[in-house]
Every structure is written in C-alpha cells, then in structure tokens.
$ cat data-v5.txt   # compact mmCIF, C-alpha atoms
# COMPACT_ATOMS: atom_id res chain seq x y z
CA MET A 1 16.25 -0.84 -22.42
CA ALA A 2 16.64 -2.63 -19.09
CA TYR A 3 14.67 -5.75 -18.30
CA SER A 4 13.06 -6.55 -14.98
CA SER A 5 14.52 -9.26 -12.76
CA ILE A 6 10.89 -10.22 -12.06
CA THR A 7 9.46 -11.99 -15.10
CA ASN A 8 5.98 -12.52 -13.65
CA PRO A 9 4.86 -9.68 -11.36
CA ARG A 10 1.69 -11.62 -10.51
CA ASN A 11 3.82 -13.92 -8.39
CA PHE A 12 4.36 -11.07 -5.95
CA MET A 13 1.40 -8.67 -6.20
CA ASN A 14 -2.03 -9.44 -7.60
CA PRO A 15 -5.51 -7.92 -7.23
CA LYS A 16 -8.27 -10.48 -6.81
CA LEU A 17 -12.06 -9.99 -7.03
CA TYR A 18 -14.49 -12.19 -5.13
CA ALA A 19 -18.14 -12.44 -4.14
CA GLY A 20 -19.24 -12.52 -0.53
CA ASN A 21 -21.48 -15.36 0.64
CA GLY A 22 -21.86 -14.62 4.35
CA SER A 23 -20.52 -18.04 5.38
CA ALA A 24 -17.87 -18.73 8.00
CA GLY A 25 -15.45 -20.26 5.50
CA ASN A 26 -15.40 -18.60 2.09
CA ALA A 27 -12.14 -19.71 0.47
CA ILE A 28 -10.79 -17.20 -2.06
CA THR A 29 -8.37 -18.81 -4.53
CA GLY A 30 -6.64 -17.69 -7.71
CA VAL A 31 -4.36 -15.11 -6.11
CA GLY A 32 -1.38 -17.09 -7.45
CA PHE A 33 0.62 -17.22 -4.22
CA GLN A 34 0.24 -17.27 -0.45
CA PRO A 35 -0.23 -13.61 0.44
CA ASP A 36 1.35 -11.93 3.47
CA LEU A 37 -0.56 -8.65 3.18
CA VAL A 38 -4.23 -8.70 2.17
CA TRP A 39 -6.07 -5.39 1.88
CA LEU A 40 -9.73 -5.94 1.08
CA LYS A 41 -12.80 -3.77 0.55
CA SER A 42 -16.46 -4.14 -0.34
CA ARG A 43 -17.14 -2.52 -3.70
CA THR A 44 -20.90 -2.38 -3.32
CA ASN A 45 -21.46 -1.35 0.30
CA THR A 46 -20.06 1.32 2.59
CA GLU A 47 -17.64 -0.81 4.60
CA TYR A 48 -14.25 -0.34 6.21
CA GLN A 49 -10.90 -0.78 4.47
CA ASN A 50 -9.55 -4.01 6.00
CA TRP A 51 -5.83 -4.80 6.31
CA TYR A 52 -4.61 -8.24 7.41
CA ASP A 53 -1.06 -9.57 7.42
CA SER A 54 0.79 -12.77 8.28
CA ILE A 55 2.99 -11.15 10.93
CA ARG A 56 0.08 -10.02 13.13
CA GLY A 57 -1.91 -13.15 12.22
CA VAL A 58 -5.38 -14.07 11.02
CA THR A 59 -8.45 -12.20 12.33
CA LYS A 60 -6.22 -9.26 13.39
CA ARG A 61 -7.67 -6.32 11.50
CA LEU A 62 -6.50 -2.80 10.89
CA VAL A 63 -8.72 -0.23 9.16
CA SER A 64 -6.96 2.33 6.97
CA ASN A 65 -9.89 4.76 6.95
CA LEU A 66 -9.83 4.98 10.77
CA SER A 67 -7.20 5.77 13.40
CA SER A 68 -8.46 2.99 15.68
CA ALA A 69 -6.25 0.28 17.19
CA GLU A 70 -6.08 -3.30 15.93
CA THR A 71 -9.23 -5.35 16.51
CA THR A 72 -10.06 -9.04 16.33
CA LEU A 73 -12.72 -9.90 13.75
CA SER A 74 -13.77 -12.96 11.76
CA GLY A 75 -12.71 -11.27 8.54
CA LEU A 76 -9.65 -12.99 7.13
CA THR A 77 -9.47 -16.32 8.95
CA ALA A 78 -6.71 -18.18 7.04
CA PHE A 79 -3.85 -17.59 4.61
CA GLY A 80 -3.81 -20.27 1.90
CA THR A 81 -1.26 -21.35 -0.67
CA ASP A 82 -3.28 -19.69 -3.46
CA GLY A 83 -5.24 -17.05 -1.56
CA PHE A 84 -7.06 -16.71 1.74
CA THR A 85 -10.27 -17.56 3.57
CA VAL A 86 -12.74 -15.02 4.91
CA GLY A 87 -15.22 -15.54 7.74
CA ALA A 88 -18.75 -14.29 8.24
CA ALA A 89 -17.90 -10.62 8.98
CA ASP A 90 -19.81 -8.25 6.70
CA THR A 91 -16.74 -6.10 6.03
CA ALA A 92 -15.01 -9.08 4.39
CA ASN A 93 -17.78 -11.42 3.25
CA GLN A 94 -21.27 -9.90 3.27
CA ASN A 95 -23.64 -12.05 1.24
CA SER A 96 -24.14 -10.82 -2.35
CA ASN A 97 -21.51 -8.09 -2.00
CA ASN A 98 -18.70 -7.73 -4.52
CA PHE A 99 -15.22 -7.37 -3.00
CA VAL A 100 -11.71 -6.54 -4.14
CA SER A 101 -8.54 -7.72 -2.45
CA TRP A 102 -5.04 -6.40 -3.08
CA ASN A 103 -2.44 -9.01 -2.23
CA TRP A 104 1.31 -8.83 -1.67
CA LYS A 105 3.80 -11.65 -1.06
CA ALA A 106 6.62 -11.29 1.44
CA GLY A 107 7.21 -14.77 2.80
CA THR A 108 10.76 -14.89 4.17
CA ALA A 109 10.95 -14.73 7.96
CA PHE A 110 13.29 -12.13 9.44
CA SER A 111 14.07 -11.29 13.04
CA ASN A 112 16.58 -8.96 14.61
CA ASP A 113 17.79 -8.93 18.20
CA ALA A 114 19.16 -5.40 18.25
CA SER A 115 21.35 -5.89 21.31
CA ALA A 116 22.93 -9.03 19.83
CA THR A 117 23.44 -7.81 16.26
CA GLY A 118 24.13 -4.15 16.91
CA VAL A 119 21.68 -3.35 14.12
CA GLY A 120 19.05 -0.86 15.23
CA THR A 121 18.04 -0.20 18.81
CA ILE A 122 14.65 -1.99 18.92
CA ASP A 123 14.08 -5.69 18.24
CA SER A 124 11.94 -6.45 15.20
CA THR A 125 10.30 -9.39 13.46
CA ALA A 126 9.29 -9.31 9.84
CA SER A 127 8.21 -11.08 6.70
CA VAL A 128 10.41 -9.93 3.85
CA ASN A 129 10.63 -10.20 0.07
CA GLN A 130 13.88 -8.56 -0.98
CA THR A 131 13.31 -9.47 -4.65
CA ALA A 132 10.04 -7.55 -4.71
CA GLY A 133 11.09 -4.71 -2.39
CA PHE A 134 8.52 -5.37 0.35
CA SER A 135 8.63 -6.09 4.06
CA ILE A 136 6.15 -6.19 6.95
CA VAL A 137 7.90 -5.22 10.19
CA LYS A 138 6.53 -5.55 13.72
CA TYR A 139 8.16 -4.07 16.81
CA THR A 140 7.33 -2.68 20.24
CA GLY A 141 7.65 1.07 20.63
CA THR A 142 9.65 2.82 23.33
CA GLY A 143 8.41 6.38 23.03
CA SER A 144 12.03 7.51 22.60
CA ASN A 145 14.18 8.05 19.52
CA ALA A 146 15.15 4.67 18.08
CA THR A 147 16.02 2.71 14.95
CA VAL A 148 14.45 -0.50 13.63
CA ALA A 149 15.85 -3.17 11.28
CA HIS A 150 13.51 -3.77 8.33
CA GLY A 151 15.23 -6.66 6.51
CA LEU A 152 14.48 -5.24 3.08
CA GLY A 153 18.03 -4.94 1.77
CA LEU A 154 16.89 -1.77 -0.01
CA ALA A 155 16.14 1.66 1.42
CA PRO A 156 12.34 1.97 1.80
CA GLU A 157 10.77 4.71 -0.31
CA ILE A 158 7.35 4.44 1.34
CA MET A 159 6.65 3.25 4.88
CA ILE A 160 3.05 2.96 6.09
CA CYS A 161 3.11 2.75 9.89
CA LYS A 162 0.36 2.07 12.45
CA ASN A 163 0.18 1.87 16.23
CA LEU A 164 -1.59 -1.43 16.97
CA SER A 165 -2.46 -0.71 20.59
CA ALA A 166 -3.92 2.80 20.55
CA THR A 167 -6.02 5.22 18.54
CA GLU A 168 -3.38 6.94 16.45
CA ASN A 169 -3.29 8.09 12.83
CA TRP A 170 -1.58 5.97 10.18
CA VAL A 171 1.68 7.83 9.51
CA VAL A 172 3.37 7.57 6.11
CA TYR A 173 6.98 8.29 5.20
CA VAL A 174 7.71 9.10 1.55
CA LYS A 175 11.32 9.41 0.43
CA SER A 176 10.69 12.25 -2.01
CA LEU A 177 9.06 14.37 0.71
CA GLY A 178 11.93 14.06 3.18
CA ASN A 179 12.43 12.67 6.65
CA THR A 180 10.74 15.52 8.54
CA LYS A 181 7.53 15.22 6.54
CA ARG A 182 4.57 12.92 6.91
CA LEU A 183 1.30 12.02 5.27
CA ILE A 184 -1.69 10.53 7.09
CA LEU A 185 -3.28 7.52 5.38
CA ASP A 186 -6.64 7.84 7.16
CA THR A 187 -7.18 11.48 6.12
CA THR A 188 -7.17 13.58 2.95
CA GLY A 189 -4.73 16.12 4.36
CA ALA A 190 -1.72 17.54 2.54
CA VAL A 191 1.84 16.79 3.58
CA GLY A 192 2.76 18.07 7.03
CA THR A 193 5.97 18.62 8.97
CA ASP A 194 6.64 16.57 12.10
CA ALA A 195 10.22 15.60 12.88
CA THR A 196 9.08 13.56 15.91
CA ILE A 197 7.67 10.75 13.74
CA PHE A 198 10.74 9.54 11.83
CA ASN A 199 13.30 11.45 13.93
CA SER A 200 14.64 13.33 10.89
CA THR A 201 16.23 10.04 9.84
CA THR A 202 16.30 8.80 6.24
CA PRO A 203 15.94 5.00 6.04
CA ASN A 204 18.89 3.08 4.66
CA THR A 205 19.23 -0.48 3.41
CA THR A 206 19.21 -1.82 6.97
CA ILE A 207 17.21 0.39 9.36
CA PHE A 208 14.62 3.13 9.61
CA GLY A 209 14.37 5.78 12.30
CA ILE A 210 11.47 6.58 14.60
CA GLY A 211 11.00 9.46 17.03
CA GLU A 212 8.82 10.12 20.03
CA ASN A 213 5.52 10.28 18.16
CA ALA A 214 3.09 7.52 19.19
CA GLY A 215 1.97 6.96 15.60
CA ALA A 216 5.19 5.09 14.87
CA ASN A 217 6.63 4.61 18.37
CA GLY A 218 4.07 4.40 21.16
CA ASN A 219 5.71 3.49 24.47
CA GLY A 220 5.08 -0.22 25.08
CA HIS A 221 2.75 -0.39 22.09
CA GLY A 222 2.81 -2.90 19.27
CA GLN A 223 3.68 -1.23 15.96
CA ILE A 224 3.54 -2.37 12.34
CA ALA A 225 5.35 -0.90 9.34
CA TYR A 226 4.70 -1.82 5.70
CA CYS A 227 7.89 -0.96 3.80
CA PHE A 228 8.13 -0.64 0.01
CA ALA A 229 11.00 0.10 -2.37
CA SER A 230 10.90 0.41 -6.15
CA VAL A 231 12.09 -2.55 -8.22
CA GLN A 232 12.75 -1.85 -11.89
CA GLY A 233 10.08 -3.27 -14.15
CA TYR A 234 7.92 -4.41 -11.23
CA SER A 235 7.13 -1.43 -9.00
CA LYS A 236 7.65 2.29 -8.96
CA ILE A 237 7.27 4.88 -6.21
CA SER A 238 7.57 8.43 -7.47
CA SER A 239 5.62 11.64 -8.10
CA PHE A 240 4.15 13.82 -10.83
CA VAL A 241 2.72 17.33 -11.10
CA GLY A 242 -0.90 17.84 -12.11
CA ASN A 243 -1.84 20.09 -15.03
CA GLY A 244 -5.56 20.61 -14.34
CA ASN A 245 -6.38 19.50 -17.88
CA VAL A 246 -8.58 16.69 -19.18
CA ASN A 247 -5.52 15.76 -21.25
CA GLY A 248 -3.70 15.02 -18.03
CA PRO A 249 -0.12 14.02 -17.29
CA TYR A 250 1.39 10.87 -18.71
CA VAL A 251 3.64 9.09 -16.20
CA HIS A 252 6.22 6.59 -17.43
CA LEU A 253 6.60 3.44 -15.33
CA GLY A 254 8.41 1.00 -17.60
CA PHE A 255 5.54 -1.48 -17.17
CA LYS A 256 1.80 -1.86 -17.51
CA PRO A 257 0.30 -1.31 -14.05
CA ALA A 258 -1.92 -3.75 -12.20
CA PHE A 259 -2.31 -1.53 -9.12
CA LEU A 260 -1.94 2.21 -8.71
CA MET A 261 -2.41 4.44 -5.65
CA ILE A 262 -2.14 8.24 -5.90
CA LYS A 263 -2.18 10.97 -3.24
CA ASP A 264 -2.03 14.76 -3.72
CA THR A 265 0.62 16.04 -1.31
CA THR A 266 0.29 19.78 -2.04
CA GLY A 267 -3.40 20.02 -1.17
CA THR A 268 -6.15 17.81 0.14
CA GLY A 269 -6.97 14.68 -1.79
CA GLU A 270 -8.02 11.10 -1.29
CA TRP A 271 -5.67 8.12 -1.43
CA LEU A 272 -7.18 6.79 -4.65
CA VAL A 273 -6.63 3.22 -5.86
CA TRP A 274 -7.21 1.73 -9.31
CA ASP A 275 -6.50 -1.83 -10.45
CA ASN A 276 -6.66 -3.95 -13.59
CA LYS A 277 -9.31 -6.36 -12.28
CA ARG A 278 -12.09 -3.91 -11.46
CA SER A 279 -11.35 -1.94 -14.65
CA PRO A 280 -9.85 -4.43 -17.12
CA SER A 281 -9.84 -1.93 -20.01
CA ASN A 282 -9.51 1.81 -20.51
CA GLU A 283 -10.83 4.13 -19.37
CA MET A 284 -10.16 3.02 -15.82
CA THR A 285 -13.02 4.71 -14.01
CA LYS A 286 -13.41 2.60 -10.86
CA ALA A 287 -11.55 3.92 -7.84
CA LEU A 288 -11.62 3.24 -4.13
CA ALA A 289 -9.94 5.36 -1.46
CA ALA A 290 -7.79 4.02 1.37
CA ASN A 291 -9.00 6.83 3.61
CA ASP A 292 -12.76 6.28 3.34
CA SER A 293 -15.37 3.54 3.55
CA LEU A 294 -17.47 4.63 0.58
CA VAL A 295 -18.57 2.42 -2.28
CA GLU A 296 -16.62 2.28 -5.51
CA ASP A 297 -16.40 5.62 -7.34
CA THR A 298 -17.01 5.18 -11.08
CA THR A 299 -16.00 8.71 -12.17
CA LYS A 300 -12.22 8.68 -11.63
CA GLU A 301 -10.82 8.62 -15.17
CA MET A 302 -7.44 7.06 -15.86
CA ASP A 303 -5.74 5.04 -18.61
CA PHE A 304 -3.42 2.14 -17.88
CA LEU A 305 -0.92 1.97 -20.74
CA SER A 306 1.69 -0.62 -21.67
CA ASN A 307 4.47 1.42 -20.05
CA GLY A 308 2.71 3.80 -17.66
CA PHE A 309 -0.52 5.64 -16.96
CA LYS A 310 -2.25 8.77 -18.19
CA ILE A 311 -4.81 10.91 -16.38
CA ARG A 312 -7.96 11.82 -18.33
CA THR A 313 -9.74 14.24 -15.99
CA THR A 314 -9.52 17.59 -14.23
CA ASP A 315 -10.41 15.95 -10.89
CA THR A 316 -8.52 17.95 -8.27
CA ASN A 317 -8.01 14.88 -6.07
CA TYR A 318 -5.19 13.83 -8.38
CA ASN A 319 -4.82 16.43 -11.14
CA ALA A 320 -4.98 19.88 -9.57
CA SER A 321 -2.86 22.26 -11.63
CA GLY A 322 0.63 22.63 -10.18
CA ASN A 323 0.06 20.19 -7.32
CA THR A 324 2.50 17.38 -6.63
CA ASN A 325 1.09 13.87 -6.36
CA ILE A 326 2.96 10.84 -5.03
CA PHE A 327 2.12 7.38 -6.34
CA MET A 328 2.87 3.71 -5.80
CA ALA A 329 2.41 1.35 -8.77
CA PHE A 330 2.87 -2.40 -9.29
CA ALA A 331 3.15 -4.18 -12.62
CA GLU A 332 0.88 -6.44 -14.59
CA GLU A 333 3.50 -6.80 -17.32
CA PRO A 334 7.19 -5.98 -16.65
CA PHE A 335 8.44 -4.81 -20.04
CA VAL A 336 7.21 -2.97 -23.15
CA ALA A 337 8.66 -2.11 -26.54
CA SER A 338 10.53 1.18 -26.54
CA ASN A 339 8.82 2.55 -29.66
CA PHE A 340 5.34 2.76 -28.08
CA ASN A 341 4.09 6.35 -27.88
CA ALA A 342 2.20 6.18 -24.59
CA ALA A 343 1.70 9.94 -24.32
CA THR A 344 -0.79 9.91 -27.18
CA ALA A 345 -2.25 6.42 -26.90
CA ARG A 346 -5.79 5.76 -25.70
$ encode --input "data-v5.txt" --output "structure tokens"
Amino acid sequence: MAYSSITNPRNFMNPKLYAGNGSAGNAITGVGFQPDLVWLKSRTNTEYQNWYDSIRGVTKRLVSNLSSAETTLSGLTAFGTDGFTVGAADTANQNSNNFVSWNWKAGTAFSNDASATGVGTIDSTASVNQTAGFSIVKYTGTGSNATVAHGLGLAPEIMICKNLSATENWVVYVKSLGNTKRLILDTTGAVGTDATIFNSTTPNTTIFGIGENAGANGNGHGQIAYCFASVQGYSKISSFVGNGNVNGPYVHLGFKPAFLMIKDTTGTGEWLVWDNKRSPSNEMTKALAANDSLVEDTTKEMDFLSNGFKIRTTDTNYNASGNTNIFMAFAEEPFVASNFNAATAR
C-alpha cells in the first residue's frame, strides 16, 4: 500500500467551526495554518455562501449560490497565521449564529508574464501549493480563445471559475466529464455542453484553456480560478454511480475524509458538502449546499470511514439509481490499514 507524501492533511485543508459575535474584529483561530481560501457559511440562518481568498484580498467576497460579481463587504477582514478575522457583516459574523469555515492553504506566490515566458497567452498571478495540488489563479479576460498558466505543476482535475466583474455563472471544469462539458456551481443543473468555456482544451501541468465565454474569459474582466488536483492519501477527485438504495455505494479514497463535496452530473442535484467538524461521528447527517443559502440540512445521511465514505440514503441528490456523481474529498487521516472492510462497516 502506498503512503501519502502529506503526513498531516490538516496542515493544508481544515474545517473550522466558530460562533458569531457581531463585532468588527472576531478573530477565528485554530485553523492550523494561514489560509488562502476561506469558504464560510452560517449554519443557523439563511445566509449566502461566502468565498474569500488571499489573491483578491480581504473584504472581497464572492457568493457561490449567486452569479453576481465580486463585492466588498466587512466579512473576512484579515488572514492570520492560525486562521482569519471576520468583521460585523451578518453573513460572516451574525451574533449568536453558528458558522462553518472550510480552509485551504496555498501560500507560494506565482506570477507569469506570458509574453516573456512563452507560457500561456494571458498573464496570471497566483497563490500555489504544489504539494497539496491547489492553486488560486487570477487573470484578466480577453473574450478570445486563450491559455493561462496555473502554477500547479499538476494537471487540474477540477477548476472552479468566476468572473469577478460581471454577473456570470460560476463555471466548473471536471476532468472526467471532458473539456467541452461544464457544470454550474450556483445551480443544481446537470452537466451541459459548451465548448466556448474551456475552448475544448484539456488542462496540462502548466496551462489551462479558456474560450470566448464570459464566465471564464470576460473581455477586460477580472477572473479567478480555483484549481485542484488529486494527491494520493490527501485528496481525491473522482466519481461514482448511485444505486438508489439505502445501502448506498461505498467509495474508496485511501483516507478518512475531513471534507466531501458531491454533485450529481446526470440529473439535477445540489452541490452537497459534509465535514468532520459539524458531524464528528457517523452517521454524517449535516450537509450544506454550495448552490443555496439555506440553513444546515440534517437529513443527508453519509458515513465517513477510515478509507472512504458510504452513502446511507436513497436521496436522489446524490444517490439516484444509475446517475453519475462527481466528488472532491480531502483527508483527515492519510493512511489506513489494508485489512479494513469499509464496505460493511458502520
């Protein structure tokens, strides 16, 4: 059995719970590192899904359940060495609300002058973590077919892209679906075909392609791309087929998950997220959805096992019979004994 090169996954991705207090300087610590992407959500109130990152800077918010452009809000106001600080905005710090944050570390600055390096056709700046297979890439769109350097050193398997300057859907590339397909993060829709988004170009270890679609390449518009690649024992991006049974599919990861997001690509379905902090033991019943602002759903049944996950429901959002679901998972623990029978464990 192979071992992960990452011995402590919590140094790179970690969910963190916190309580809102409504103050202008609520410091959230205990993340374990200085995060570069913080995605946070109220668990108790209907509030937006807030995305902040170190490349765009503090107070610059994107909302994954809306197609709206970037706004400035006193949500996340500082990135700290062990977490972040939130301001008085209700969506990030409403008094007496319970919140969850999902935090990723990039941390290494990357920039590419395309004309000087000959890599890509559009300049890009990024924060990159090649060890953990994650980069945050910012560039200015041209509205014409182009390529962008991502700095990852691995071929991205999922890219979540957003136009910062205009009302445009979040467009998502998934390797297993192909380079003419797209998902939309802010909707429940199934996979669609649109070759104008990623220009029928499969990302490689250096660049990704973008077409004329304003979702990923608005002319003169700021653009952001969150790029992820699987790293053995730490993260896995793949798919499974639902069986429509309460004894649902078991999916092998090679690690115990800390974070899991699933989306049905055959039919409609929410972008459901579970984590090991909101549900520290099985069954994992507490889910939030990247595409909506609703409070935490406590009916989405799932088991996190020492080397994967198992679905325990007929919920058609993520276990419709015969439907393909893509997922993105990150580890709590990187390695398990090979003699564990996860398919039957509870």
$ closest_residue --input "data-v5.txt" --among "A:Asn243, A:Ser74, A:Ser42, A:Asn93" --to "Ala289 of chain A" --atoms "only C-alpha atoms"
A:Ser42
$ residues_around --input "data-v5.txt" --residues "Met13 of chain A" --least-positions-apart "4" --cutoff "10 Å" --atoms "all atoms listed in the file" --output "PyMOL selection string"
chain A and resi 8-9+31-33+35+37+102-106+132+234-235+258-259+330-332
$ residues_around --input "data-v5.txt" --residues "segment 248-256 of chain A" --least-positions-apart "5" --cutoff "9 Å" --atoms "only C-alpha atoms" --output "PyMOL selection string"
chain A and resi 232-236+239-243+304-314+319+329-336+342-344
$ atom_distance --input "data-v5.txt" --atom1 "atom CA of Tyr226 of chain A" --atom2 "atom CA of Ala92 of chain A"
21.0 Å
$ residues_around --input "data-v5.txt" --residues "Asp297 of chain A" --least-positions-apart "3" --cutoff "8 Å" --atoms "all atoms listed in the file" --output "ChimeraX atom specification"
/A:285-288,300
$ closest_residue --input "data-v5.txt" --among "A:Phe12, A:Asn129, A:Gln34, A:Thr187" --to "Ser64 of chain A" --atoms "all atoms listed in the file"
A:Thr187
$ closest_residue --input "data-v5.txt" --among "A:Val86, A:Ile224, A:Ala216, A:Leu183" --to "Ile55 of chain A" --atoms "all atoms listed in the file"
A:Ile224
$ residues_near_point --input "data-v5.txt" --point "(-1.5, -11.1, 13.4)" --cutoff "12 Å" --atoms "all atoms listed in the file" --output "PyMOL selection string"
chain A and resi 36-38+51-62+70-73+76-79+125-127+136-138+164+222-224
$ closest_residue --input "data-v5.txt" --among "A:Glu47, A:Asp82, A:Gly20, A:Leu66" --to "Ala166 of chain A" --atoms "all atoms listed in the file"
A:Leu66
$ residues_near_point --input "data-v5.txt" --point "(-7.8, -5.5, -16.4)" --cutoff "10 Å" --atoms "all atoms listed in the file" --output "PyMOL selection string"
chain A and resi 15+257-259+275-282+284+304+332
$ write_last_selection --input "data-v5.txt" --atoms "C-alpha atoms" --output "PDB file, in the coordinates of the input"
ATOM      1  CA  PRO A  15      -5.510  -7.920  -7.230  1.00  0.00           C
ATOM      2  CA  PRO A 257       0.300  -1.310 -14.050  1.00  0.00           C
ATOM      3  CA  ALA A 258      -1.920  -3.750 -12.200  1.00  0.00           C
ATOM      4  CA  PHE A 259      -2.310  -1.530  -9.120  1.00  0.00           C
ATOM      5  CA  ASP A 275      -6.500  -1.830 -10.450  1.00  0.00           C
ATOM      6  CA  ASN A 276      -6.660  -3.950 -13.590  1.00  0.00           C
ATOM      7  CA  LYS A 277      -9.310  -6.360 -12.280  1.00  0.00           C
ATOM      8  CA  ARG A 278     -12.090  -3.910 -11.460  1.00  0.00           C
ATOM      9  CA  SER A 279     -11.350  -1.940 -14.650  1.00  0.00           C
ATOM     10  CA  PRO A 280      -9.850  -4.430 -17.120  1.00  0.00           C
ATOM     11  CA  SER A 281      -9.840  -1.930 -20.010  1.00  0.00           C
ATOM     12  CA  ASN A 282      -9.510   1.810 -20.510  1.00  0.00           C
ATOM     13  CA  MET A 284     -10.160   3.020 -15.820  1.00  0.00           C
ATOM     14  CA  PHE A 304      -3.420   2.140 -17.880  1.00  0.00           C
ATOM     15  CA  GLU A 332       0.880  -6.440 -14.590  1.00  0.00           C
TER      16      GLU A 332
END
$ atom_distance --input "data-v5.txt" --atom1 "atom CA of Phe84 of chain A" --atom2 "atom CA of Leu17 of chain A"
12.1 Å
$ residues_around --input "data-v5.txt" --residues "Ala155 of chain A" --least-positions-apart "4" --cutoff "6 Å" --atoms "all atoms listed in the file" --output "PyMOL selection string"
chain A and resi 203-205
$ atom_distance --input "data-v5.txt" --atom1 "atom CA of Ile207 of chain A" --atom2 "atom CA of Leu154 of chain A"
9.6 Å
$ residues_around --input "data-v5.txt" --residues "Ile326 of chain A" --least-positions-apart "3" --cutoff "8 Å" --atoms "only C-alpha atoms" --output "number ranges by chain"
A: 237-240, 262-265
$ write_last_selection --input "data-v5.txt" --atoms "C-alpha atoms" --output "CSV table (one decimal), keeping the file's coordinate frame"
chain,number,residue,atom,x,y,z
A,237,ILE,CA,7.3,4.9,-6.2
A,238,SER,CA,7.6,8.4,-7.5
A,239,SER,CA,5.6,11.6,-8.1
A,240,PHE,CA,4.2,13.8,-10.8
A,262,ILE,CA,-2.1,8.2,-5.9
A,263,LYS,CA,-2.2,11.0,-3.2
A,264,ASP,CA,-2.0,14.8,-3.7
A,265,THR,CA,0.6,16.0,-1.3
$ closest_residue --input "data-v5.txt" --among "A:Ser5, A:Thr121, A:Ser230, A:Ser96" --to "Glu157 of chain A" --atoms "all atoms listed in the file"
A:Ser230
$ build_atoms --input "data-v5.txt" --residues "segment 282-295 of chain A" --atoms "N, CA and C atoms" --output "PDB file, in the coordinates of the input"
ATOM      1  N   ASN A 282      -9.400   0.356 -20.619  1.00  0.00           N
ATOM      2  CA  ASN A 282      -9.510   1.810 -20.510  1.00  0.00           C
ATOM      3  C   ASN A 282     -10.863   2.309 -21.002  1.00  0.00           C
ATOM      4  N   GLU A 283     -11.419   3.391 -20.469  1.00  0.00           N
ATOM      5  CA  GLU A 283     -10.830   4.130 -19.370  1.00  0.00           C
ATOM      6  C   GLU A 283     -11.066   3.418 -18.038  1.00  0.00           C
ATOM      7  N   MET A 284     -10.053   3.559 -17.160  1.00  0.00           N
ATOM      8  CA  MET A 284     -10.160   3.020 -15.820  1.00  0.00           C
ATOM      9  C   MET A 284     -10.940   4.026 -14.979  1.00  0.00           C
ATOM     10  N   THR A 285     -12.176   3.728 -14.701  1.00  0.00           N
ATOM     11  CA  THR A 285     -13.020   4.710 -14.010  1.00  0.00           C
ATOM     12  C   THR A 285     -13.405   4.283 -12.595  1.00  0.00           C
ATOM     13  N   LYS A 286     -12.958   3.112 -12.154  1.00  0.00           N
ATOM     14  CA  LYS A 286     -13.410   2.600 -10.860  1.00  0.00           C
ATOM     15  C   LYS A 286     -12.307   2.746  -9.823  1.00  0.00           C
ATOM     16  N   ALA A 287     -12.547   3.648  -8.876  1.00  0.00           N
ATOM     17  CA  ALA A 287     -11.550   3.920  -7.840  1.00  0.00           C
ATOM     18  C   ALA A 287     -12.145   3.719  -6.462  1.00  0.00           C
ATOM     19  N   LEU A 288     -11.317   3.272  -5.552  1.00  0.00           N
ATOM     20  CA  LEU A 288     -11.620   3.240  -4.130  1.00  0.00           C
ATOM     21  C   LEU A 288     -10.574   4.085  -3.416  1.00  0.00           C
ATOM     22  N   ALA A 289     -10.852   4.481  -2.192  1.00  0.00           N
ATOM     23  CA  ALA A 289      -9.940   5.360  -1.460  1.00  0.00           C
ATOM     24  C   ALA A 289      -9.567   4.733  -0.131  1.00  0.00           C
ATOM     25  N   ALA A 290      -8.271   4.626   0.126  1.00  0.00           N
ATOM     26  CA  ALA A 290      -7.790   4.020   1.370  1.00  0.00           C
ATOM     27  C   ALA A 290      -8.291   4.751   2.598  1.00  0.00           C
ATOM     28  N   ASN A 291      -8.635   6.019   2.457  1.00  0.00           N
ATOM     29  CA  ASN A 291      -9.000   6.830   3.610  1.00  0.00           C
ATOM     30  C   ASN A 291     -10.501   6.927   3.848  1.00  0.00           C
ATOM     31  N   ASP A 292     -11.326   6.229   3.056  1.00  0.00           N
ATOM     32  CA  ASP A 292     -12.760   6.280   3.340  1.00  0.00           C
ATOM     33  C   ASP A 292     -13.416   4.926   3.110  1.00  0.00           C
ATOM     34  N   SER A 293     -14.640   4.812   3.594  1.00  0.00           N
ATOM     35  CA  SER A 293     -15.370   3.540   3.550  1.00  0.00           C
ATOM     36  C   SER A 293     -16.410   3.503   2.451  1.00  0.00           C
ATOM     37  N   LEU A 294     -16.405   4.491   1.576  1.00  0.00           N
ATOM     38  CA  LEU A 294     -17.470   4.630   0.580  1.00  0.00           C
ATOM     39  C   LEU A 294     -17.409   3.515  -0.469  1.00  0.00           C
ATOM     40  N   VAL A 295     -18.516   3.391  -1.194  1.00  0.00           N
ATOM     41  CA  VAL A 295     -18.570   2.420  -2.280  1.00  0.00           C
ATOM     42  C   VAL A 295     -17.664   2.888  -3.415  1.00  0.00           C
TER      43      VAL A 295
END
